[in-house]
file target.tsv (TSV, C-alpha atoms)
chain	number	residue	atom	x	y	z
A	1	MET	CA	84.14	129.48	15.44
A	2	THR	CA	86.99	127.03	15.84
A	3	SER	CA	86.68	123.34	15.04
A	4	ARG	CA	88.26	122.35	18.34
A	5	SER	CA	86.21	122.85	21.49
A	6	VAL	CA	87.54	125.02	24.30
A	7	GLY	CA	88.52	122.98	27.35
A	8	VAL	CA	87.39	124.45	30.67
A	9	LEU	CA	88.46	123.55	34.18
A	10	LEU	CA	85.72	124.50	36.67
A	11	VAL	CA	86.94	125.36	40.15
A	12	ASP	CA	84.34	126.01	42.85
A	13	ASP	CA	83.68	124.40	46.19
A	14	VAL	CA	79.90	124.34	45.61
A	15	ALA	CA	79.07	121.23	43.62
A	16	GLY	CA	75.62	122.55	42.70
A	17	LEU	CA	77.11	125.69	41.19
A	18	ARG	CA	79.66	123.69	39.20
A	19	ARG	CA	76.82	121.60	37.82
A	20	LEU	CA	74.89	124.71	36.76
A	21	VAL	CA	77.93	126.34	35.15
A	22	ARG	CA	78.55	123.11	33.27
A	23	ILE	CA	74.97	123.20	31.98
A	24	ALA	CA	75.33	126.89	31.08
A	25	LEU	CA	78.53	126.39	29.14
A	26	GLU	CA	77.85	123.07	27.47
A	27	ASP	CA	74.42	124.25	26.40
A	28	ASP	CA	76.19	126.23	23.68
A	29	ASP	CA	76.59	123.29	21.23
A	30	THR	CA	80.12	121.94	21.50
A	31	TYR	CA	82.08	125.15	21.79
A	32	PHE	CA	82.94	124.58	25.45
A	33	ARG	CA	83.91	121.27	26.98
A	34	ILE	CA	84.35	120.85	30.73
A	35	VAL	CA	87.57	118.85	30.98
A	36	ALA	CA	87.67	118.67	34.78
A	37	GLU	CA	86.23	120.05	38.00
A	38	ALA	CA	87.91	120.91	41.27
A	39	SER	CA	86.47	121.86	44.64
A	40	ASN	CA	89.48	123.71	46.02
A	41	GLY	CA	92.65	125.41	44.90
A	42	LEU	CA	94.92	122.45	45.52
A	43	GLU	CA	92.80	120.16	43.37
A	44	ALA	CA	92.67	122.89	40.74
A	45	VAL	CA	96.46	123.03	40.47
A	46	GLU	CA	96.61	119.26	40.03
A	47	GLU	CA	93.81	119.21	37.46
A	48	ALA	CA	95.40	122.08	35.55
A	49	ARG	CA	98.69	120.17	35.43
A	50	LYS	CA	96.93	117.02	34.21
A	51	THR	CA	94.42	118.44	31.75
A	52	ARG	CA	96.10	121.66	30.51
A	53	PRO	CA	92.73	123.37	29.94
A	54	ASP	CA	92.29	126.38	27.68
A	55	ILE	CA	90.38	128.18	30.42
A	56	VAL	CA	90.33	127.86	34.20
A	57	LEU	CA	87.17	129.30	35.75
A	58	LEU	CA	88.39	129.98	39.27
A	59	ASP	CA	86.45	130.81	42.43
A	60	VAL	CA	88.16	132.76	45.23
A	61	SER	CA	86.72	131.58	48.53
A	62	MET	CA	87.36	127.86	48.88
A	63	PRO	CA	88.64	125.44	51.53
A	64	VAL	CA	92.16	123.98	51.64
A	65	MET	CA	93.62	126.54	49.21
A	66	ASP	CA	91.80	129.66	48.06
A	67	GLY	CA	91.71	131.04	44.55
A	68	LEU	CA	94.30	133.74	45.16
A	69	GLU	CA	96.77	131.17	46.46
A	70	ALA	CA	96.04	128.79	43.63
A	71	LEU	CA	96.16	131.31	40.79
A	72	PRO	CA	99.97	131.64	40.45
A	73	LEU	CA	100.39	127.90	40.96
A	74	ILE	CA	97.89	127.18	38.19
A	75	ARG	CA	99.75	129.59	35.91
A	76	GLU	CA	102.93	127.72	36.70
A	77	ALA	CA	101.37	124.29	36.24
A	78	SER	CA	99.70	125.18	32.95
A	79	PRO	CA	101.19	128.39	31.53
A	80	ARG	CA	98.99	128.43	28.41
A	81	SER	CA	95.74	128.24	30.35
A	82	LYS	CA	93.82	131.49	30.68
A	83	VAL	CA	92.56	131.96	34.20
A	84	ILE	CA	89.22	133.72	34.64
A	85	MET	CA	88.10	134.59	38.13
A	86	PHE	CA	84.49	133.68	38.87
A	87	THR	CA	83.55	134.91	42.30
A	88	GLY	CA	80.98	136.59	44.50
A	89	PHE	CA	83.41	139.33	45.50
A	90	SER	CA	83.20	142.57	43.56
A	91	LYS	CA	85.64	143.32	40.78
A	92	GLU	CA	86.39	146.67	42.43
A	93	ARG	CA	87.73	144.86	45.48
A	94	LEU	CA	89.74	142.04	43.95
A	95	GLY	CA	90.05	142.84	40.24
A	96	SER	CA	93.48	144.44	40.31
A	97	THR	CA	94.86	141.85	42.74
A	98	THR	CA	93.81	138.95	40.56
A	99	ARG	CA	95.06	140.70	37.43
A	100	ASP	CA	98.46	141.17	39.08
A	101	LEU	CA	98.48	137.48	39.94
A	102	GLY	CA	97.87	136.55	36.30
A	103	ALA	CA	94.10	136.33	35.78
A	104	VAL	CA	92.99	137.55	32.35
A	105	GLU	CA	89.36	138.27	33.22
A	106	TYR	CA	87.13	138.78	36.24
A	107	LEU	CA	83.51	137.68	36.29
A	108	GLU	CA	81.23	138.39	39.21
A	109	LYS	CA	78.86	135.57	40.06
A	110	GLY	CA	75.37	136.44	39.00
A	111	ALA	CA	76.25	136.73	35.33
A	112	THR	CA	73.72	135.15	33.01
A	113	PRO	CA	74.71	132.07	30.96
A	114	ILE	CA	74.75	134.23	27.83
A	115	GLU	CA	77.08	136.73	29.50
A	116	LEU	CA	79.24	133.93	30.85
A	117	ARG	CA	79.69	132.33	27.44
A	118	ARG	CA	80.25	135.68	25.76
A	119	ARG	CA	83.01	136.70	28.18
A	120	LEU	CA	84.72	133.34	27.88
A	121	LYS	CA	84.60	133.56	24.10
A	122	GLU	CA	86.06	137.07	24.27
A	123	VAL	CA	88.94	135.76	26.32
A	124	MET	CA	89.56	133.10	23.66
A	125	GLY	CA	89.34	135.78	20.98
A	126	HIS	CA	86.29	134.20	19.39
A	127	ALA	CA	83.58	136.64	20.38
B	1	MET	CA	123.82	164.56	94.87
B	2	ILE	CA	121.67	167.62	95.35
B	3	PRO	CA	118.23	167.29	93.73
B	4	GLU	CA	117.73	169.69	90.84
B	5	TRP	CA	114.71	170.50	88.72
B	6	TRP	CA	116.13	168.91	85.54
B	7	MET	CA	116.15	165.56	87.33
B	8	ALA	CA	112.38	165.69	87.70
B	9	THR	CA	112.03	166.50	84.00
B	10	THR	CA	114.38	163.63	83.12
B	11	LEU	CA	112.36	161.30	85.31
B	12	ALA	CA	109.15	162.39	83.60
B	13	ASN	CA	110.76	161.69	80.22
B	14	ALA	CA	111.91	158.28	81.44
B	15	VAL	CA	108.33	157.47	82.46
B	16	MET	CA	107.15	158.51	78.97
B	17	VAL	CA	109.78	156.28	77.38
B	18	VAL	CA	108.52	153.26	79.31
B	19	ALA	CA	104.79	153.97	78.77
B	20	TYR	CA	105.06	154.93	75.10
B	21	GLY	CA	107.49	152.10	74.46
B	22	ALA	CA	105.15	149.56	76.05
B	23	ILE	CA	102.18	150.84	74.04
B	24	ALA	CA	104.18	150.74	70.79
B	25	TYR	CA	105.40	147.24	71.60
B	26	HIS	CA	101.90	145.93	72.29
B	27	ILE	CA	100.46	147.41	69.11
B	28	GLY	CA	103.49	146.25	67.12
B	29	SER	CA	103.36	142.70	68.45
B	30	GLY	CA	99.65	142.59	67.60
B	31	LEU	CA	100.41	143.71	64.06
B	32	THR	CA	103.16	141.13	63.76
B	33	GLY	CA	101.00	138.35	65.16
B	34	THR	CA	98.21	139.13	62.75
B	35	ARG	CA	100.55	140.01	59.86
B	36	GLN	CA	98.88	143.35	59.36
B	37	TRP	CA	101.76	145.82	59.22
B	38	ILE	CA	100.80	146.63	55.63
B	39	ALA	CA	97.10	145.82	55.70
B	40	ASN	CA	96.40	148.09	58.67
B	41	PRO	CA	98.28	151.36	58.06
B	42	LEU	CA	96.36	153.24	60.76
B	43	ALA	CA	97.52	150.85	63.45
B	44	ALA	CA	101.04	150.77	62.01
B	45	ALA	CA	101.15	154.57	62.10
B	46	THR	CA	99.82	154.56	65.68
B	47	ALA	CA	102.57	152.16	66.72
B	48	GLY	CA	105.03	154.36	64.87
B	49	ILE	CA	103.91	157.51	66.68
B	50	PHE	CA	104.26	155.91	70.10
B	51	GLY	CA	107.55	154.27	69.16
B	52	THR	CA	109.16	157.43	67.80
B	53	CYS	CA	107.89	159.47	70.75
B	54	ALA	CA	109.47	156.92	73.11
B	55	ILE	CA	112.78	157.22	71.28
B	56	GLY	CA	112.57	161.02	71.17
B	57	HIS	CA	111.91	161.39	74.87
B	58	GLY	CA	114.62	158.82	75.56
B	59	ILE	CA	117.12	160.96	73.67
B	60	HIS	CA	116.05	164.03	75.63
B	61	ALA	CA	116.56	162.22	78.93
B	62	PHE	CA	119.86	160.78	77.78
B	63	HIS	CA	121.25	164.24	76.97
B	64	THR	CA	120.84	165.33	80.58
B	65	LEU	CA	122.88	162.33	81.70
B	66	GLU	CA	125.73	162.89	79.25
B	67	PRO	CA	127.89	164.92	81.68
B	68	LEU	CA	128.19	161.73	83.74
B	69	PHE	CA	130.18	160.26	80.85
B	70	GLU	CA	132.18	163.46	80.25
B	71	ALA	CA	131.77	163.15	76.49
B	72	GLY	CA	129.00	165.46	75.37
B	73	ALA	CA	129.22	167.51	78.52
B	74	VAL	CA	128.38	170.74	76.70
B	75	VAL	CA	125.21	169.29	75.22
B	76	GLY	CA	124.35	167.75	78.56
B	77	VAL	CA	124.73	170.99	80.47
B	78	ALA	CA	122.56	172.76	77.94
B	79	ALA	CA	119.96	169.99	78.19
B	80	ARG	CA	119.91	170.25	81.97
B	81	ALA	CA	119.44	174.00	81.75
B	82	SER	CA	116.57	173.48	79.34
B	83	PHE	CA	115.02	170.78	81.52
B	84	SER	CA	115.12	173.14	84.49
B	85	ASP	CA	112.52	175.33	82.85
B	86	PRO	CA	109.43	175.03	85.10
B	87	VAL	CA	107.05	175.27	82.14
B	88	LEU	CA	108.78	172.36	80.38
B	89	LEU	CA	108.87	170.41	83.61
B	90	GLY	CA	105.14	170.97	84.12
B	91	TRP	CA	104.26	169.85	80.63
B	92	ASP	CA	106.53	166.80	80.75
B	93	VAL	CA	105.05	165.69	84.07
B	94	ALA	CA	101.57	166.15	82.64
B	95	THR	CA	102.53	164.25	79.48
B	96	ALA	CA	104.03	161.43	81.53
B	97	ALA	CA	100.85	161.24	83.60
B	98	VAL	CA	98.72	161.04	80.45
B	99	ALA	CA	101.01	158.35	79.00
B	100	VAL	CA	100.65	156.22	82.14
B	101	TRP	CA	96.90	156.84	82.21
B	102	TYR	CA	96.62	155.74	78.56
B	103	TRP	CA	98.58	152.61	79.35
B	104	THR	CA	96.35	151.76	82.30
B	105	LEU	CA	93.27	152.00	80.04
B	106	ARG	CA	94.38	148.99	78.01
B	107	GLY	CA	92.39	146.62	80.22
B	108	ARG	CA	89.13	148.55	79.93
B	109	PHE	CA	89.53	149.65	76.33
B	110	PRO	CA	91.67	146.99	74.66
B	111	ILE	CA	90.80	148.34	71.24
B	112	ILE	CA	92.85	151.45	72.09
B	113	VAL	CA	96.06	149.83	73.12
B	114	ARG	CA	96.23	146.06	73.18
B	115	GLY	CA	97.89	144.98	69.98
B	116	ALA	CA	95.80	142.11	68.71
B	117	ALA	CA	92.53	143.64	69.84
B	118	LEU	CA	93.20	146.72	67.78
B	119	PHE	CA	92.98	144.50	64.72
B	120	ASP	CA	90.43	141.97	65.81
B	121	ASP	CA	87.74	144.24	64.40
B	122	LEU	CA	89.38	144.22	61.00
B	123	GLN	CA	89.84	140.46	61.06
B	124	GLU	CA	86.29	139.99	62.29
B	125	ARG	CA	84.99	142.12	59.42
B	126	GLU	CA	86.95	140.00	56.96
B	127	ARG	CA	85.52	136.84	58.51
B	128	GLU	CA	82.00	138.24	58.30
B	129	ALA	CA	82.55	139.25	54.67
B	130	LEU	CA	83.64	135.72	53.85
B	131	VAL	CA	80.64	134.24	55.62
B	132	LEU	CA	78.32	136.58	53.69
B	133	ASN	CA	80.02	135.71	50.42
B	134	ASP	CA	79.99	131.98	50.99
B	135	ASN	CA	76.43	131.79	52.27
B	136	VAL	CA	74.51	134.66	50.72
B	137	VAL	CA	76.15	135.94	47.54
B	138	GLN	CA	77.06	132.45	46.35
B	139	GLY	CA	73.59	131.17	47.15
B	140	LEU	CA	71.84	133.97	45.28
B	141	ALA	CA	74.20	133.65	42.33
B	142	GLN	CA	73.52	129.93	42.24
B	143	ALA	CA	69.77	130.49	42.37
B	144	LYS	CA	69.94	133.03	39.56
B	145	LEU	CA	72.01	130.76	37.38
B	146	ALA	CA	69.67	127.87	38.10
B	147	LEU	CA	66.69	129.96	36.99
B	148	GLU	CA	68.55	131.03	33.86
B	149	VAL	CA	69.20	127.43	32.83
B	150	GLY	CA	65.68	126.37	33.75
B	151	ALA	CA	66.57	124.34	36.84
B	152	ARG	CA	63.69	125.57	38.97
B	153	ASP	CA	64.10	122.99	41.75
B	154	ALA	CA	67.78	123.78	42.10
B	155	ALA	CA	66.92	127.50	42.24
B	156	ASN	CA	64.36	126.98	44.98
B	157	GLU	CA	66.74	124.80	46.94
B	158	ALA	CA	69.48	127.46	46.69
B	159	LEU	CA	67.08	130.22	47.71
B	160	ASP	CA	65.78	128.25	50.71
B	161	ARG	CA	69.33	127.60	51.83
B	162	THR	CA	70.29	131.25	51.34
B	163	VAL	CA	67.31	132.58	53.27
B	164	ALA	CA	68.09	130.23	56.16
B	165	ALA	CA	71.76	131.17	56.11
B	166	SER	CA	70.94	134.88	55.97
B	167	ARG	CA	68.66	134.54	58.96
B	168	THR	CA	71.37	132.77	60.94
B	169	ILE	CA	74.02	135.31	60.01
B	170	ILE	CA	71.84	138.29	60.84
B	171	SER	CA	70.76	136.78	64.15
B	172	GLY	CA	74.41	136.29	64.99
B	173	LEU	CA	75.31	139.84	64.04
B	174	ILE	CA	72.64	141.45	66.20
B	175	GLY	CA	73.65	139.52	69.28
B	176	SER	CA	73.79	136.11	70.89
B	177	PRO	CA	70.59	134.47	72.15
B	178	GLY	CA	71.37	135.62	75.68
B	179	SER	CA	71.63	139.26	74.74
B	180	GLU	CA	68.09	140.02	73.57
B	181	ALA	CA	67.76	142.46	76.45
B	182	ALA	CA	69.90	144.89	74.50
B	183	LEU	CA	67.39	144.90	71.64
B	184	VAL	CA	64.99	147.51	72.91
B	185	PRO	CA	62.25	149.29	70.97
B	186	GLY	CA	63.89	151.64	68.49
B	187	GLU	CA	66.92	149.41	67.93
B	188	PHE	CA	65.40	148.17	64.70
B	189	ARG	CA	64.52	151.59	63.31
B	190	ARG	CA	65.86	151.59	59.80
B	191	LYS	CA	68.36	154.32	59.00
B	192	ARG	CA	68.68	153.34	55.36
B	193	ALA	CA	66.09	152.03	52.97
B	194	PRO	CA	66.66	148.61	51.41
B	195	GLY	CA	69.34	149.00	48.76
B	196	GLY	CA	71.36	151.44	50.79
B	197	HIS	CA	69.47	154.62	49.91
B	198	PRO	CA	68.31	157.03	52.63
B	199	PRO	CA	64.66	156.40	53.56
call {"tool": "encode", "arguments": {"input": "target.tsv", "output": "structure tokens"}}
result
Amino acid sequence: MTSRSVGVLLVDDVAGLRRLVRIALEDDDTYFRIVAEASNGLEAVEEARKTRPDIVLLDVSMPVMDGLEALPLIREASPRSKVIMFTGFSKERLGSTTRDLGAVEYLEKGATPIELRRRLKEVMGHA
Amino acid sequence: MIPEWWMATTLANAVMVVAYGAIAYHIGSGLTGTRQWIANPLAAATAGIFGTCAIGHGIHAFHTLEPLFEAGAVVGVAARASFSDPVLLGWDVATAAVAVWYWTLRGRFPIIVRGAALFDDLQEREREALVLNDNVVQGLAQAKLALEVGARDAANEALDRTVAASRTIISGLIGSPGSEAALVPGEFRRKRAPGGHPP
């Protein structure tokens, strides 16, 4: 376990879901810290540029700019951030596309909080 | 000029060029308009078949006209001799008739020919998939997560919203309110058990 908490940028157009993911992640003592939230891809790029999060949890289907459009821009705005897709679409359908665009992990919505935290920790190399 | 049989074959090929070319153009413009040249390989190949056939038949017809320009007279004379074959003439006339018939079907069966319509189905499926994702999958995922973190009210709210959205989507998919007449007894007979397994 590191002494510094892992900063997470939550990107999802459903406010209720962002709130639940925040509860799920921050429930695990102080390991994760939600540094910002965004409700579309455009906001996500701006927040990534401002906050330089360790992890960006990125939805795909969103208004204004979708996750696939935002992903390379987020990588450009904050190159050290690890982008994890968090979406209702199956990994079979979009996994390789998002990996090619720079995502390091793909989580299908429906994962339990334990699974969510475990996969994020794996990405940070702290599993 | 004395009419000869090769002229009829050339005319039939010219008709094919126009019909096939028009079909290829319509499919191609639909693909361009919907930016689906890569995403819809079946339609792209269909446009390609019609387009290459139009070019091929155009070349055949052109060969018979080459003696008019002196250059290529040998090829042209040979082409005219070939086009005078009654069997070839018969087939080319039949092919030209089918090409024109196919073209005239575009109004009744736009999915066959009319460019954009050929791909509307694909786009519509994508739209429906997005609607299902945004309203059903997201809602269920949210409800599950809410239950996992102990937010029972939030879970119920998400489930209520998802059930309502599902009902709306399904009603829309099985027809507009004015089309209930099409839903006759037997329409709702399940072909697959819930979960996608055969009943």
call {"tool": "closest_residue", "arguments": {"input": "target.tsv", "among": "A:Gly95, A:Gly7, A:Pro63, A:Gly125", "to": "chain B", "atoms": "only C-alpha atoms"}}
result
A:Pro63
call {"tool": "residues_around", "arguments": {"input": "target.tsv", "residues": "A:Lys91", "least_positions_apart": "5", "cutoff": "12 Å", "atoms": "all atoms listed in the file", "output": "VMD selection string"}}
result
chain A and resid 60 84 to 86 96 to 99 105 to 109
call {"tool": "interface_residues", "arguments": {"input": "target.tsv", "of": "chain B", "to": "chain A", "cutoff": "8 Å", "atoms": "all atoms listed in the file", "output": "VMD selection string"}}
result
chain B and resid 130 133 to 134 137 to 138 140 to 142 144 to 146 148 to 149 154
call {"tool": "closest_residue", "arguments": {"input": "target.tsv", "among": "B:Ala97, B:Ala54, B:Ile38, B:Ile2", "to": "B:Gly21", "atoms": "all atoms listed in the file"}}
result
B:Ala54
call {"tool": "atom_distance", "arguments": {"input": "target.tsv", "atom1": "atom CA of A:Val104", "atom2": "atom CA of A:Val123"}}
result
7.5 Å
call {"tool": "atom_distance", "arguments": {"input": "target.tsv", "atom1": "atom CA of A:Leu25", "atom2": "atom CA of A:Val64"}}
result
26.4 Å
call {"tool": "closest_residue", "arguments": {"input": "target.tsv", "among": "B:Leu89, B:Ile170, B:Leu31, B:Leu132", "to": "B:Glu4", "atoms": "all atoms listed in the file"}}
result
B:Leu89
call {"tool": "atom_distance", "arguments": {"input": "target.tsv", "atom1": "atom CA of B:Tyr102", "atom2": "atom CA of B:Ile23"}}
result
8.7 Å
